[in-house]
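So this block is target18.cif, mmCIF, C-alpha atoms, pLDDT in the B column; chains and numbers go by the auth columns:
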data_run
#
loop_
_atom_site.group_PDB
_atom_site.id
_atom_site.type_symbol
_atom_site.label_atom_id
_atom_site.label_comp_id
_atom_site.label_asym_id
_atom_site.label_seq_id
_atom_site.Cartn_x
_atom_site.Cartn_y
_atom_site.Cartn_z
_atom_site.B_iso_or_equiv
_atom_site.auth_seq_id
_atom_site.auth_asym_id
ATOM 1 C CA MET A 1 65.013 -50.529 59.984 62.00 1 I
ATOM 2 C CA SER A 2 65.634 -48.567 56.832 66.00 2 I
ATOM 3 C CA SER A 3 61.873 -48.104 56.402 70.00 3 I
ATOM 4 C CA ARG A 4 61.664 -46.492 59.855 72.00 4 I
ATOM 5 C CA ARG A 5 64.394 -44.045 58.922 72.00 5 I
ATOM 6 C CA ALA A 6 62.645 -43.343 55.625 68.00 6 I
ATOM 7 C CA ARG A 7 59.359 -42.727 57.435 68.00 7 I
ATOM 8 C CA SER A 8 60.901 -40.363 59.945 68.00 8 I
ATOM 9 C CA ARG A 9 62.678 -38.520 57.125 68.00 9 I
ATOM 10 C CA GLN A 10 59.403 -38.224 55.284 67.00 10 I
ATOM 11 C CA SER A 11 57.538 -36.888 58.300 69.00 11 I
ATOM 12 C CA MET A 12 60.346 -34.381 58.887 70.00 12 I
ATOM 13 C CA SER A 13 60.213 -33.168 55.297 75.00 13 I
ATOM 14 C CA SER A 14 56.412 -32.892 55.323 75.00 14 I
ATOM 15 C CA SER A 15 56.474 -30.828 58.510 78.00 15 I
ATOM 16 C CA ARG A 16 59.194 -28.677 56.957 80.00 16 I
ATOM 17 C CA ILE A 17 57.000 -28.183 53.910 76.00 17 I
ATOM 18 C CA ALA A 18 54.111 -27.146 56.167 82.00 18 I
ATOM 19 C CA ASP A 19 56.373 -24.644 57.959 84.00 19 I
ATOM 20 C CA GLU A 20 57.578 -23.253 54.646 86.00 20 I
ATOM 21 C CA GLN A 21 53.997 -22.967 53.477 86.00 21 I
ATOM 22 C CA ILE A 22 53.027 -21.110 56.625 86.00 22 I
ATOM 23 C CA ASN A 23 56.017 -18.776 56.328 87.00 23 I
ATOM 24 C CA ASP A 24 55.060 -18.062 52.741 88.00 24 I
ATOM 25 C CA LEU A 25 51.476 -17.251 53.715 89.00 25 I
ATOM 26 C CA VAL A 26 52.643 -15.076 56.602 87.00 26 I
ATOM 27 C CA CYS A 27 54.808 -13.107 54.153 87.00 27 I
ATOM 28 C CA LYS A 28 51.862 -12.657 51.822 89.00 28 I
ATOM 29 C CA LEU A 29 49.784 -11.447 54.756 89.00 29 I
ATOM 30 C CA GLN A 30 52.455 -8.965 55.723 88.00 30 I
ATOM 31 C CA ALA A 31 52.373 -7.657 52.140 88.00 31 I
ATOM 32 C CA VAL A 32 48.708 -6.621 52.375 88.00 32 I
ATOM 33 C CA LEU A 33 49.122 -4.760 55.641 89.00 33 I
ATOM 34 C CA PRO A 34 49.845 -1.074 55.276 86.00 34 I
ATOM 35 C CA GLU A 35 53.500 -0.285 55.836 78.00 35 I
ATOM 36 C CA SER A 36 52.847 2.007 58.765 75.00 36 I
ATOM 37 C CA ARG A 37 51.628 -0.983 60.758 72.00 37 I
ATOM 38 C CA ILE A 38 54.868 -2.892 60.517 68.00 38 I
ATOM 39 C CA ARG A 39 57.464 -0.603 61.950 57.00 39 I
ATOM 40 C CA GLY A 40 61.123 -1.393 61.728 53.00 40 I
ATOM 41 C CA ALA A 41 62.788 -4.373 60.131 54.00 41 I
ATOM 42 C CA ASP A 42 61.276 -6.668 57.545 63.00 42 I
ATOM 43 C CA ARG A 43 61.489 -9.584 59.983 67.00 43 I
ATOM 44 C CA VAL A 44 58.475 -9.343 62.240 73.00 44 I
ATOM 45 C CA SER A 45 57.461 -12.123 64.593 82.00 45 I
ATOM 46 C CA ALA A 46 54.408 -14.103 63.570 83.00 46 I
ATOM 47 C CA ALA A 47 52.665 -13.224 66.817 86.00 47 I
ATOM 48 C CA ARG A 48 53.236 -9.504 66.222 87.00 48 I
ATOM 49 C CA LEU A 49 52.007 -9.858 62.656 89.00 49 I
ATOM 50 C CA LEU A 50 48.786 -11.572 63.754 91.00 50 I
ATOM 51 C CA GLN A 51 48.259 -8.858 66.339 91.00 51 I
ATOM 52 C CA GLU A 52 48.685 -6.110 63.747 92.00 52 I
ATOM 53 C CA THR A 53 46.418 -7.996 61.349 94.00 53 I
ATOM 54 C CA CYS A 54 43.655 -8.130 63.949 95.00 54 I
ATOM 55 C CA ASN A 55 44.069 -4.418 64.694 95.00 55 I
ATOM 56 C CA TYR A 56 43.937 -3.572 61.010 96.00 56 I
ATOM 57 C CA ILE A 57 40.785 -5.640 60.384 97.00 57 I
ATOM 58 C CA ARG A 58 39.093 -3.997 63.376 97.00 58 I
ATOM 59 C CA SER A 59 39.950 -0.534 62.061 97.00 59 I
ATOM 60 C CA LEU A 60 38.622 -1.463 58.606 97.00 60 I
ATOM 61 C CA HIS A 61 35.353 -2.668 60.164 97.00 61 I
ATOM 62 C CA ARG A 62 35.107 0.650 62.016 97.00 62 I
ATOM 63 C CA ASP A 63 35.733 2.510 58.754 97.00 63 I
ATOM 64 C CA VAL A 64 32.880 0.648 57.033 97.00 64 I
ATOM 65 C CA ASP A 65 30.645 1.480 59.975 96.00 65 I
ATOM 66 C CA ASP A 66 31.546 5.197 59.953 96.00 66 I
ATOM 67 C CA LEU A 67 31.364 5.551 56.182 96.00 67 I
ATOM 68 C CA SER A 68 27.960 3.851 56.131 95.00 68 I
ATOM 69 C CA GLU A 69 26.704 6.466 58.572 93.00 69 I
ATOM 70 C CA ARG A 70 28.147 9.296 56.509 92.00 70 I
ATOM 71 C CA LEU A 71 26.703 7.887 53.295 90.00 71 I
ATOM 72 C CA SER A 72 23.323 7.688 54.987 88.00 72 I
ATOM 73 C CA GLU A 73 23.586 11.394 55.855 85.00 73 I
ATOM 74 C CA LEU A 74 24.702 12.302 52.365 82.00 74 I
ATOM 75 C CA LEU A 75 21.906 10.384 50.688 78.00 75 I
ATOM 76 C CA ASN A 76 19.534 12.481 52.694 74.00 76 I
ATOM 77 C CA ASN A 77 21.113 15.840 52.004 70.00 77 I
ATOM 78 C CA THR A 78 22.580 15.978 48.536 61.00 78 I
ATOM 79 C CA GLU A 79 20.578 16.577 45.431 59.00 79 I
ATOM 80 C CA ALA A 80 20.329 13.270 43.610 61.00 80 I
ATOM 81 C CA SER A 81 21.476 13.828 40.048 64.00 81 I
ATOM 82 C CA SER A 82 24.481 16.075 40.645 66.00 82 I
ATOM 83 C CA ALA A 83 25.858 13.794 43.371 66.00 83 I
ATOM 84 C CA GLN A 84 25.445 10.735 41.207 70.00 84 I
ATOM 85 C CA ALA A 85 27.121 12.439 38.275 71.00 85 I
ATOM 86 C CA ALA A 86 30.039 13.487 40.471 69.00 86 I
ATOM 87 C CA ILE A 87 30.456 9.985 41.867 72.00 87 I
ATOM 88 C CA ILE A 88 30.373 8.248 38.526 71.00 88 I
ATOM 89 C CA ARG A 89 32.731 10.787 37.036 70.00 89 I
ATOM 90 C CA SER A 90 35.240 10.386 39.829 67.00 90 I
ATOM 91 C CA LEU A 91 35.137 6.612 39.625 67.00 91 I
ATOM 92 C CA LEU A 92 35.452 6.252 35.890 64.00 92 I
ATOM 93 C CA MET A 93 37.924 8.954 34.935 58.00 93 I
ATOM 94 C CA MET B 1 59.485 0.646 22.831 49.00 1 A
ATOM 95 C CA ASP B 2 59.456 0.188 26.570 44.00 2 A
ATOM 96 C CA SER B 3 56.103 -1.348 27.505 43.00 3 A
ATOM 97 C CA LYS B 4 56.335 -0.170 31.124 43.00 4 A
ATOM 98 C CA SER B 5 56.525 3.535 30.351 42.00 5 A
ATOM 99 C CA SER B 6 53.005 3.688 28.924 42.00 6 A
ATOM 100 C CA ALA B 7 51.523 2.382 32.175 42.00 7 A
ATOM 101 C CA CYS B 8 53.350 4.937 34.335 42.00 8 A
ATOM 102 C CA SER B 9 52.335 8.204 32.680 45.00 9 A
ATOM 103 C CA SER B 10 48.890 9.204 33.879 41.00 10 A
ATOM 104 C CA PRO B 11 47.744 12.838 34.010 45.00 11 A
ATOM 105 C CA ASN B 12 44.657 11.981 36.114 43.00 12 A
ATOM 106 C CA PRO B 13 44.898 12.235 39.898 45.00 13 A
ATOM 107 C CA ASN B 14 42.414 9.355 40.119 47.00 14 A
ATOM 108 C CA PRO B 15 43.926 6.101 38.870 50.00 15 A
ATOM 109 C CA THR B 16 41.662 4.214 36.474 53.00 16 A
ATOM 110 C CA LEU B 17 39.767 1.427 38.102 55.00 17 A
ATOM 111 C CA GLY B 18 40.647 -2.120 37.205 62.00 18 A
ATOM 112 C CA PRO B 19 37.781 -4.399 36.147 67.00 19 A
ATOM 113 C CA SER B 20 37.289 -5.856 39.638 81.00 20 A
ATOM 114 C CA LYS B 21 37.147 -2.441 41.309 85.00 21 A
ATOM 115 C CA LEU B 22 34.685 -1.261 38.684 84.00 22 A
ATOM 116 C CA MET B 23 32.418 -4.250 39.335 87.00 23 A
ATOM 117 C CA LEU B 24 32.610 -3.545 43.042 90.00 24 A
ATOM 118 C CA ALA B 25 31.683 0.093 42.432 89.00 25 A
ATOM 119 C CA PHE B 26 28.709 -0.724 40.223 88.00 26 A
ATOM 120 C CA ARG B 27 27.382 -3.321 42.641 91.00 27 A
ATOM 121 C CA PHE B 28 27.690 -1.022 45.618 93.00 28 A
ATOM 122 C CA LEU B 29 26.210 2.004 43.861 89.00 29 A
ATOM 123 C CA ARG B 30 23.283 -0.075 42.670 89.00 30 A
ATOM 124 C CA ALA B 31 22.709 -1.267 46.240 90.00 31 A
ATOM 125 C CA LEU B 32 23.015 2.311 47.519 88.00 32 A
ATOM 126 C CA SER B 33 20.360 3.614 45.147 85.00 33 A
ATOM 127 C CA LEU B 34 18.086 0.733 46.152 88.00 34 A
ATOM 128 C CA VAL B 35 18.536 1.598 49.819 88.00 35 A
ATOM 129 C CA ARG B 36 17.828 5.234 49.051 84.00 36 A
ATOM 130 C CA ARG B 37 14.640 4.413 47.188 84.00 37 A
ATOM 131 C CA THR B 38 13.278 1.914 49.684 87.00 38 A
ATOM 132 C CA THR B 39 14.238 3.387 53.061 83.00 39 A
ATOM 133 C CA PRO B 40 12.341 6.447 54.277 80.00 40 A
ATOM 134 C CA ALA B 41 14.476 9.461 55.090 74.00 41 A
ATOM 135 C CA SER B 42 13.206 9.478 58.669 77.00 42 A
ATOM 136 C CA SER B 43 14.872 6.220 59.651 80.00 43 A
ATOM 137 C CA ARG B 44 18.463 7.303 59.351 76.00 44 A
ATOM 138 C CA THR B 45 20.043 4.677 61.618 81.00 45 A
ATOM 139 C CA CYS B 46 18.117 1.950 59.837 88.00 46 A
ATOM 140 C CA ARG B 47 19.423 3.254 56.530 90.00 47 A
ATOM 141 C CA GLY B 48 22.982 3.376 57.885 92.00 48 A
ATOM 142 C CA ARG B 49 22.729 -0.286 58.880 93.00 49 A
ATOM 143 C CA ARG B 50 21.277 -1.179 55.458 93.00 50 A
ATOM 144 C CA ILE B 51 24.130 0.614 53.738 94.00 51 A
ATOM 145 C CA GLU B 52 26.622 -1.282 55.872 95.00 52 A
ATOM 146 C CA ARG B 53 25.005 -4.598 54.920 95.00 53 A
ATOM 147 C CA ALA B 54 25.034 -3.512 51.273 95.00 54 A
ATOM 148 C CA ALA B 55 28.765 -2.851 51.585 96.00 55 A
ATOM 149 C CA TYR B 56 29.517 -6.349 52.892 96.00 56 A
ATOM 150 C CA ALA B 57 27.122 -7.948 50.420 95.00 57 A
ATOM 151 C CA SER B 58 28.582 -6.283 47.345 94.00 58 A
ATOM 152 C CA MET B 59 32.079 -7.037 48.640 95.00 59 A
ATOM 153 C CA ALA B 60 31.209 -10.720 49.056 95.00 60 A
ATOM 154 C CA TYR B 61 29.447 -11.010 45.679 93.00 61 A
ATOM 155 C CA SER B 62 32.415 -9.438 43.948 92.00 62 A
ATOM 156 C CA ALA B 63 34.822 -11.841 45.644 92.00 63 A
ATOM 157 C CA GLY B 64 32.727 -14.733 44.381 90.00 64 A
ATOM 158 C CA ALA B 65 31.926 -18.166 45.751 90.00 65 A
ATOM 159 C CA SER B 66 35.522 -19.393 45.582 91.00 66 A
ATOM 160 C CA ARG B 67 36.411 -17.692 48.874 94.00 67 A
ATOM 161 C CA ALA B 68 35.356 -19.161 52.210 95.00 68 A
ATOM 162 C CA TRP B 69 35.027 -15.705 53.807 96.00 69 A
ATOM 163 C CA SER B 70 32.667 -14.425 51.108 95.00 70 A
ATOM 164 C CA ARG B 71 30.469 -17.516 51.419 95.00 71 A
ATOM 165 C CA ALA B 72 30.383 -16.994 55.186 95.00 72 A
ATOM 166 C CA VAL B 73 29.405 -13.317 54.781 95.00 73 A
ATOM 167 C CA LEU B 74 26.549 -14.167 52.419 93.00 74 A
ATOM 168 C CA ARG B 75 25.349 -16.999 54.689 93.00 75 A
ATOM 169 C CA ARG B 76 25.329 -14.610 57.631 92.00 76 A
ATOM 170 C CA LEU B 77 23.436 -11.947 55.677 90.00 77 A
ATOM 171 C CA HIS B 78 20.830 -14.363 54.350 88.00 78 A
ATOM 172 C CA HIS B 79 20.195 -15.948 57.736 86.00 79 A
ATOM 173 C CA ARG B 80 19.984 -12.643 59.526 76.00 80 A
ATOM 174 C CA ALA B 81 16.229 -12.407 59.123 59.00 81 A
ATOM 175 C CA ARG B 82 15.584 -15.935 60.359 62.00 82 A
ATOM 176 C CA ARG B 83 17.862 -16.198 63.373 60.00 83 A
ATOM 177 C CA ARG B 84 18.274 -13.413 65.895 56.00 84 A
ATOM 178 C CA ALA B 85 20.757 -15.093 68.215 51.00 85 A
ATOM 179 C CA VAL B 86 23.512 -17.214 66.716 54.00 86 A
ATOM 180 C CA ALA B 87 25.170 -19.629 69.100 52.00 87 A
ATOM 181 C CA PRO B 88 28.960 -19.303 68.887 52.00 88 A
ATOM 182 C CA ARG B 89 30.468 -22.305 67.198 55.00 89 A
ATOM 183 C CA ARG B 90 32.821 -24.428 69.230 52.00 90 A
ATOM 184 C CA LEU B 91 36.301 -24.395 67.755 51.00 91 A
ATOM 185 C CA SER B 92 37.121 -27.936 66.698 50.00 92 A
ATOM 186 C CA THR B 93 40.302 -29.293 68.186 47.00 93 A
ATOM 187 C CA THR B 94 41.499 -30.529 64.803 47.00 94 A
ATOM 188 C CA ALA B 95 41.435 -26.990 63.429 45.00 95 A
ATOM 189 C CA GLY B 96 43.427 -25.871 66.449 52.00 96 A
ATOM 190 C CA ASN B 97 42.977 -22.739 68.474 65.00 97 A
ATOM 191 C CA ARG B 98 45.822 -20.780 66.964 74.00 98 A
ATOM 192 C CA ALA B 99 45.040 -17.164 66.235 89.00 99 A
ATOM 193 C CA GLU B 100 41.705 -17.199 68.037 92.00 100 A
ATOM 194 C CA ALA B 101 41.208 -13.443 67.816 93.00 101 A
ATOM 195 C CA LEU B 102 41.801 -13.537 64.081 95.00 102 A
ATOM 196 C CA ARG B 103 39.311 -16.371 63.654 95.00 103 A
ATOM 197 C CA ARG B 104 36.630 -14.218 65.237 95.00 104 A
ATOM 198 C CA LEU B 105 37.370 -11.319 62.901 96.00 105 A
ATOM 199 C CA VAL B 106 37.516 -13.145 59.576 96.00 106 A
ATOM 200 C CA PRO B 107 34.109 -14.453 58.423 96.00 107 A
ATOM 201 C CA GLY B 108 34.064 -18.241 58.496 94.00 108 A
ATOM 202 C CA GLY B 109 37.364 -18.261 60.338 93.00 109 A
ATOM 203 C CA ALA B 110 36.261 -20.564 63.126 91.00 110 A
ATOM 204 C CA GLY B 111 36.311 -23.762 61.095 87.00 111 A
ATOM 205 C CA MET B 112 39.411 -23.120 59.007 91.00 112 A
ATOM 206 C CA ASP B 113 42.789 -24.760 59.330 90.00 113 A
ATOM 207 C CA TYR B 114 45.662 -22.404 60.034 91.00 114 A
ATOM 208 C CA CYS B 115 46.956 -22.195 56.448 91.00 115 A
ATOM 209 C CA THR B 116 43.523 -21.511 54.998 93.00 116 A
ATOM 210 C CA LEU B 117 42.945 -18.887 57.678 94.00 117 A
ATOM 211 C CA LEU B 118 46.094 -17.010 56.656 94.00 118 A
ATOM 212 C CA GLU B 119 45.173 -17.157 52.987 94.00 119 A
ATOM 213 C CA GLU B 120 41.578 -16.090 53.548 95.00 120 A
ATOM 214 C CA THR B 121 42.694 -13.273 55.846 96.00 121 A
ATOM 215 C CA ALA B 122 44.956 -11.783 53.190 95.00 122 A
ATOM 216 C CA ASP B 123 42.165 -11.856 50.603 95.00 123 A
ATOM 217 C CA TYR B 124 39.603 -10.524 53.076 96.00 124 A
ATOM 218 C CA ILE B 125 41.852 -7.592 53.960 96.00 125 A
ATOM 219 C CA LYS B 126 42.457 -6.789 50.297 94.00 126 A
ATOM 220 C CA CYS B 127 38.727 -6.747 49.514 95.00 127 A
ATOM 221 C CA LEU B 128 37.799 -4.917 52.714 96.00 128 A
ATOM 222 C CA SER B 129 40.315 -2.143 52.083 95.00 129 A
ATOM 223 C CA MET B 130 39.058 -1.822 48.490 94.00 130 A
ATOM 224 C CA GLN B 131 35.511 -1.447 49.787 96.00 131 A
ATOM 225 C CA VAL B 132 36.605 1.211 52.294 96.00 132 A
ATOM 226 C CA GLU B 133 38.503 3.043 49.545 93.00 133 A
ATOM 227 C CA LEU B 134 35.402 2.971 47.356 93.00 134 A
ATOM 228 C CA MET B 135 33.105 4.265 50.102 94.00 135 A
ATOM 229 C CA GLN B 136 35.583 7.010 51.018 93.00 136 A
ATOM 230 C CA GLY B 137 35.741 8.046 47.364 89.00 137 A
ATOM 231 C CA ILE B 138 31.964 8.248 47.159 88.00 138 A
ATOM 232 C CA VAL B 139 31.746 10.287 50.357 88.00 139 A
ATOM 233 C CA ASP B 140 34.483 12.655 49.154 86.00 140 A
ATOM 234 C CA SER B 141 32.922 13.315 45.752 82.00 141 A
ATOM 235 C CA ALA B 142 29.377 13.580 47.112 77.00 142 A
ATOM 236 C CA SER B 143 30.552 15.971 49.845 75.00 143 A
ATOM 237 C CA SER B 144 32.219 18.300 47.370 73.00 144 A
ATOM 238 C CA TYR B 145 28.899 18.640 45.556 64.00 145 A
ATOM 239 C CA GLY B 146 26.914 19.303 48.719 51.00 146 A
ATOM 240 C CA PRO B 147 24.824 22.429 49.387 49.00 147 A
#
Before anything else, please render the file you have as structure tokens.
Amino acid sequence: MSSRRARSRQSMSSSRIADEQINDLVCKLQAVLPESRIRGADRVSAARLLQETCNYIRSLHRDVDDLSERLSELLNNTEASSAQAAIIRSLLM
Amino acid sequence: MDSKSSACSSPNPNPTLGPSKLMLAFRFLRALSLVRRTTPASSRTCRGRRIERAAYASMAYSAGASRAWSRAVLRRLHHRARRRAVAPRRLSTTAGNRAEALRRLVPGGAGMDYCTLLEETADYIKCLSMQVELMQGIVDSASSYGP
């Protein structure tokens, strides 16, 4: 009888640990999203957070797509050495 | 005396790159110059696609093999030539179907458990936004030196 109670207590605590772990990870996820995406209070529902995360990832994918196109144009147009010098200078200084 | 004050004062508008950002920049620039040398100027869309693949490749290499998403990206890139159509993987019931849309967006997300998915997503977003920042910086500086 006492072992049953101990088992149920253990399963309760392990599910609580899993919930805590998930909450912790959700907070960390919220921290990497840009602030403009999470309007209002610091308590956002998990569903809302996942939605915003998906939107953000999609916009980042679009950015990579657009910037790849623009880089392709620039590689064609700009004179090689001056562009490279400008890039390296801006990255390292 | 205060160790924090030295880190705050910076006359440059561009913050100095940390070691990981620098590695990312070198990898990507190296890939860019390779694309430029090996793709003819006439095939602009082809070059755009190659640049995009170079972006994801250098991102994944910089993240290293310890991340599930980076391994998934590199697998996808290496198998691209061999397989045209990839059959969508069935989500296993043990992994659960929570956050299905997110699983489709994060590389390798389909087979992950929920906790791993959240962790990998945060890292993926960090690396992806760094890559975008890098590419934007390159475009901005190359544009200002245009004809």
- List, as a ChimeraX atom specification, every residue that the PyMOL selection byres ((chain A) within 9 of (chain I)) selects in the file provided. /A:12,14-17,22,25,32-33,36,41,44-45,47-52,55-56,99,101-102,105-106,114-115,118-119,121-126,128-129,131-132,134-147
- Could you spell out the hits of the PyMOL selection byres ((chain A and resi 77) around 12) on the shown file, as JSON, numbers by chain? {"A": [50, 52, 53, 54, 55, 56, 57, 58, 60, 61, 70, 71, 72, 73, 74, 75, 76, 78, 79, 80, 81, 82, 83, 84, 107]}
- Length of the CA of Gly111 (chain A) to CA of Ala65 (chain A) vector [Å]: 16.9 Å
- Message: Please compute the CA of Arg37 (chain I)-CA of Leu49 (chain I) distance, one decimal, in Å.
- Response: 9.1 Å
To test the calculation: enclose all listed atoms of region 54-65 of chain I in a box whose edges run along x, y and z, add 6 Å on each side, then state centre and edge lengths in Å to one decimal, as JSON.
{"center_x": 37.4, "center_y": -2.8, "center_z": 60.9, "size_x": 25.4, "size_y": 22.6, "size_z": 19.7}
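The coordinates place CA of Ser15 (chain I) at 15.0 Å from CA of Asp113 (chain A).
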- Using only C-alpha atoms, find the one residue out of A:Ala110, A:Ala68, A:Arg103, A:Ser62 that sits nearest to Phe28 (chain A). A:Ser62
